[in-house]
Amino acid sequence: MLLTTVVYSTIFVRLYPLFCQIRLSSHNLEIETGRHNNVLLNNRICKLCKRDVEDEFHFVLVCPHFEVIRKRFIKKYYWQKPNVFKFVQLLSVHNIHDLCNLGKYVYFAFKVTLGVSPLFFPFEPEY
Ligand SMILES: [Zn+2]
């Protein structure tokens, strides 16, 4: 039990900044980059699926481009018939396992979206 807690704590410390990027809107999704480039809100479309405005909700629960990663790391309850209420619930979880999985989701989704080198991050989480 203690070992599990220590392992999760170590992973959590490394993944927490990724989780915070979504919570604090400190990322490079179109919703933020468009704001800095004076792009109208409705034109801040996801470049991967071109279906919707690329905001945190779309990135975490909706974009079909991340479906495989989403199914691996986020519970079905959240992404099946997603809504803002479920999204807020997901970002408010206190379970360290769920937080780690959300951090892993953000890591792999950013890696797919931005092509960010794993060297940018302090480690490569297990998939
Ligand atoms: Zn998309």
# chains A, B, ... in the order shown; residues from 1 in each chain; ligands from 1

call {"tool": "closest_atom_pairs", "arguments": {"of": "chain A", "to": "ligand 1", "cutoff": "8 Å", "atoms": "only C-alpha atoms and all ligand atoms", "output": "Markdown table"}}
result
| residue | atom | partner | partner_atom_place_in_ligand_line | distance |
| --- | --- | --- | --- | --- |
| A:Ile45 | CA | ligand 1 | 1 (Zn) | 7.8 |
| A:Cys46 | CA | ligand 1 | 1 (Zn) | 4.6 |
| A:Lys47 | CA | ligand 1 | 1 (Zn) | 6.6 |
| A:Leu48 | CA | ligand 1 | 1 (Zn) | 5.1 |
| A:Cys49 | CA | ligand 1 | 1 (Zn) | 4.1 |
| A:Lys50 | CA | ligand 1 | 1 (Zn) | 6.0 |
| A:Arg51 | CA | ligand 1 | 1 (Zn) | 6.2 |
| A:Asp52 | CA | ligand 1 | 1 (Zn) | 6.4 |
| A:Val53 | CA | ligand 1 | 1 (Zn) | 7.8 |
| A:Glu54 | CA | ligand 1 | 1 (Zn) | 6.2 |
| A:His58 | CA | ligand 1 | 1 (Zn) | 6.4 |
| A:Phe59 | CA | ligand 1 | 1 (Zn) | 6.5 |
| A:Val62 | CA | ligand 1 | 1 (Zn) | 7.0 |
| A:Cys63 | CA | ligand 1 | 1 (Zn) | 3.8 |
| A:Pro64 | CA | ligand 1 | 1 (Zn) | 6.2 |
| A:His65 | CA | ligand 1 | 1 (Zn) | 6.2 |

call {"tool": "write_last_selection", "arguments": {"atoms": "N, CA and C atoms", "output": "PDB file, in the first residue's frame"}}
result
ATOM      1  N   ILE A  45     -10.828  26.980 -34.732  1.00  0.00           N
ATOM      2  CA  ILE A  45     -11.223  25.594 -35.008  1.00  0.00           C
ATOM      3  C   ILE A  45     -10.050  24.631 -34.813  1.00  0.00           C
ATOM      4  N   CYS A  46     -10.378  23.430 -34.343  1.00  0.00           N
ATOM      5  CA  CYS A  46      -9.388  22.369 -34.171  1.00  0.00           C
ATOM      6  C   CYS A  46      -8.802  22.026 -35.547  1.00  0.00           C
ATOM      7  N   LYS A  47      -7.475  22.091 -35.644  1.00  0.00           N
ATOM      8  CA  LYS A  47      -6.817  21.829 -36.925  1.00  0.00           C
ATOM      9  C   LYS A  47      -6.771  20.341 -37.250  1.00  0.00           C
ATOM     10  N   LEU A  48      -7.010  19.513 -36.266  1.00  0.00           N
ATOM     11  CA  LEU A  48      -6.928  18.065 -36.488  1.00  0.00           C
ATOM     12  C   LEU A  48      -8.228  17.501 -37.052  1.00  0.00           C
ATOM     13  N   CYS A  49      -9.362  17.907 -36.479  1.00  0.00           N
ATOM     14  CA  CYS A  49     -10.634  17.343 -36.947  1.00  0.00           C
ATOM     15  C   CYS A  49     -11.485  18.370 -37.691  1.00  0.00           C
ATOM     16  N   LYS A  50     -11.186  19.645 -37.532  1.00  0.00           N
ATOM     17  CA  LYS A  50     -11.895  20.743 -38.195  1.00  0.00           C
ATOM     18  C   LYS A  50     -13.402  20.716 -37.944  1.00  0.00           C
ATOM     19  N   ARG A  51     -13.807  20.230 -36.774  1.00  0.00           N
ATOM     20  CA  ARG A  51     -15.224  20.103 -36.457  1.00  0.00           C
ATOM     21  C   ARG A  51     -15.750  21.166 -35.517  1.00  0.00           C
ATOM     22  N   ASP A  52     -14.880  21.629 -34.630  1.00  0.00           N
ATOM     23  CA  ASP A  52     -15.360  22.429 -33.510  1.00  0.00           C
ATOM     24  C   ASP A  52     -14.260  23.372 -33.043  1.00  0.00           C
ATOM     25  N   VAL A  53     -14.633  24.313 -32.204  1.00  0.00           N
ATOM     26  CA  VAL A  53     -13.638  25.185 -31.580  1.00  0.00           C
ATOM     27  C   VAL A  53     -12.729  24.322 -30.709  1.00  0.00           C
ATOM     28  N   GLU A  54     -11.427  24.519 -30.841  1.00  0.00           N
ATOM     29  CA  GLU A  54     -10.481  23.712 -30.068  1.00  0.00           C
ATOM     30  C   GLU A  54     -10.256  24.363 -28.707  1.00  0.00           C
ATOM     31  N   HIS A  58     -13.143  20.293 -25.864  1.00  0.00           N
ATOM     32  CA  HIS A  58     -12.987  19.560 -27.122  1.00  0.00           C
ATOM     33  C   HIS A  58     -11.730  18.690 -27.074  1.00  0.00           C
ATOM     34  N   PHE A  59     -10.642  19.267 -26.595  1.00  0.00           N
ATOM     35  CA  PHE A  59      -9.354  18.561 -26.547  1.00  0.00           C
ATOM     36  C   PHE A  59      -9.420  17.319 -25.661  1.00  0.00           C
ATOM     37  N   VAL A  62     -13.783  15.404 -26.613  1.00  0.00           N
ATOM     38  CA  VAL A  62     -14.536  15.316 -27.857  1.00  0.00           C
ATOM     39  C   VAL A  62     -13.710  14.972 -29.095  1.00  0.00           C
ATOM     40  N   CYS A  63     -12.574  15.574 -29.286  1.00  0.00           N
ATOM     41  CA  CYS A  63     -11.831  15.457 -30.549  1.00  0.00           C
ATOM     42  C   CYS A  63     -11.613  13.984 -30.927  1.00  0.00           C
ATOM     43  N   PRO A  64     -12.106  13.582 -32.096  1.00  0.00           N
ATOM     44  CA  PRO A  64     -11.965  12.176 -32.503  1.00  0.00           C
ATOM     45  C   PRO A  64     -10.513  11.779 -32.762  1.00  0.00           C
ATOM     46  N   HIS A  65      -9.661  12.755 -32.952  1.00  0.00           N
ATOM     47  CA  HIS A  65      -8.248  12.461 -33.211  1.00  0.00           C
ATOM     48  C   HIS A  65      -7.584  11.767 -32.016  1.00  0.00           C
TER      49      HIS A  65
END

call {"tool": "residues_around", "arguments": {"residues": "A:Cys20", "least_positions_apart": "4", "cutoff": "10 Å", "atoms": "only C-alpha atoms", "output": "list in words"}}
result
Leu15, Tyr16, Leu24, Ser25, Ser26, His27, Leu91, Gly103 and Val106 of chain A

call {"tool": "closest_residue", "arguments": {"among": "A:Leu102, A:Lys76, A:Phe85, A:Ile31", "to": "A:Val60", "atoms": "only C-alpha atoms"}}
result
A:Leu102

call {"tool": "atom_distance", "arguments": {"atom1": "atom CA of A:Phe66", "atom2": "atom CA of A:Val13"}}
result
23.9 Å

call {"tool": "atom_distance", "arguments": {"atom1": "atom CA of A:Gln89", "atom2": "atom CA of A:Tyr77"}}
result
10.6 Å

call {"tool": "residues_around", "arguments": {"residues": "A:Lys75", "least_positions_apart": "2", "cutoff": "12 Å", "atoms": "only C-alpha atoms", "output": "list in words"}}
result
Val60, Leu61, Ile69, Arg70, Lys71, Arg72, Phe73, Tyr77, Tyr78, Trp79, Gln80, Lys81, Pro82, Lys86, Phe87, Gln89, Leu90, Val93, His97, Asp98, Leu99, Asn101, Leu102 and Tyr105 of chain A

call {"tool": "write_last_selection", "arguments": {"atoms": "C-alpha atoms", "output": "mmCIF file, in the first residue's frame"}}
result
data_model
loop_
_atom_site.group_PDB
_atom_site.id
_atom_site.type_symbol
_atom_site.label_atom_id
_atom_site.label_comp_id
_atom_site.auth_asym_id
_atom_site.auth_seq_id
_atom_site.Cartn_x
_atom_site.Cartn_y
_atom_site.Cartn_z
ATOM 1 C CA VAL A 60 -10.031 16.318 -23.547
ATOM 2 C CA LEU A 61 -13.458 14.812 -24.259
ATOM 3 C CA ILE A 69 -5.700 7.767 -26.071
ATOM 4 C CA ARG A 70 -8.932 8.955 -24.447
ATOM 5 C CA LYS A 71 -10.307 5.425 -24.166
ATOM 6 C CA ARG A 72 -7.039 4.320 -22.578
ATOM 7 C CA PHE A 73 -6.772 7.009 -19.901
ATOM 8 C CA TYR A 77 -18.431 7.969 -18.077
ATOM 9 C CA TYR A 78 -16.699 11.224 -19.020
ATOM 10 C CA TRP A 79 -16.272 10.822 -22.794
ATOM 11 C CA GLN A 80 -19.488 8.949 -23.550
ATOM 12 C CA LYS A 81 -22.074 11.677 -24.126
ATOM 13 C CA PRO A 82 -19.697 14.376 -22.848
ATOM 14 C CA LYS A 86 -18.779 15.955 -16.673
ATOM 15 C CA PHE A 87 -15.760 17.957 -17.818
ATOM 16 C CA GLN A 89 -16.157 16.788 -12.632
ATOM 17 C CA LEU A 90 -13.151 15.315 -14.429
ATOM 18 C CA VAL A 93 -11.210 14.656 -9.297
ATOM 19 C CA HIS A 97 -4.869 7.486 -10.034
ATOM 20 C CA ASP A 98 -7.423 9.432 -12.101
ATOM 21 C CA LEU A 99 -5.272 12.564 -11.940
ATOM 22 C CA ASN A 101 -4.299 9.174 -16.035
ATOM 23 C CA LEU A 102 -5.509 12.637 -16.997
ATOM 24 C CA TYR A 105 -3.773 11.741 -21.542
#

call {"tool": "closest_residue", "arguments": {"among": "A:Asn83, A:Phe19, A:Asp55, A:Cys100", "to": "A:Arg35", "atoms": "only C-alpha atoms"}}
result
A:Asp55

call {"tool": "closest_residue", "arguments": {"among": "A:His94, A:Arg44, A:Lys111, A:Lys104", "to": "A:Leu18", "atoms": "only C-alpha atoms"}}
result
A:Lys104

call {"tool": "atom_distance", "arguments": {"atom1": "atom CA of A:Leu41", "atom2": "atom CA of A:Pro17"}}
result
26.2 Å
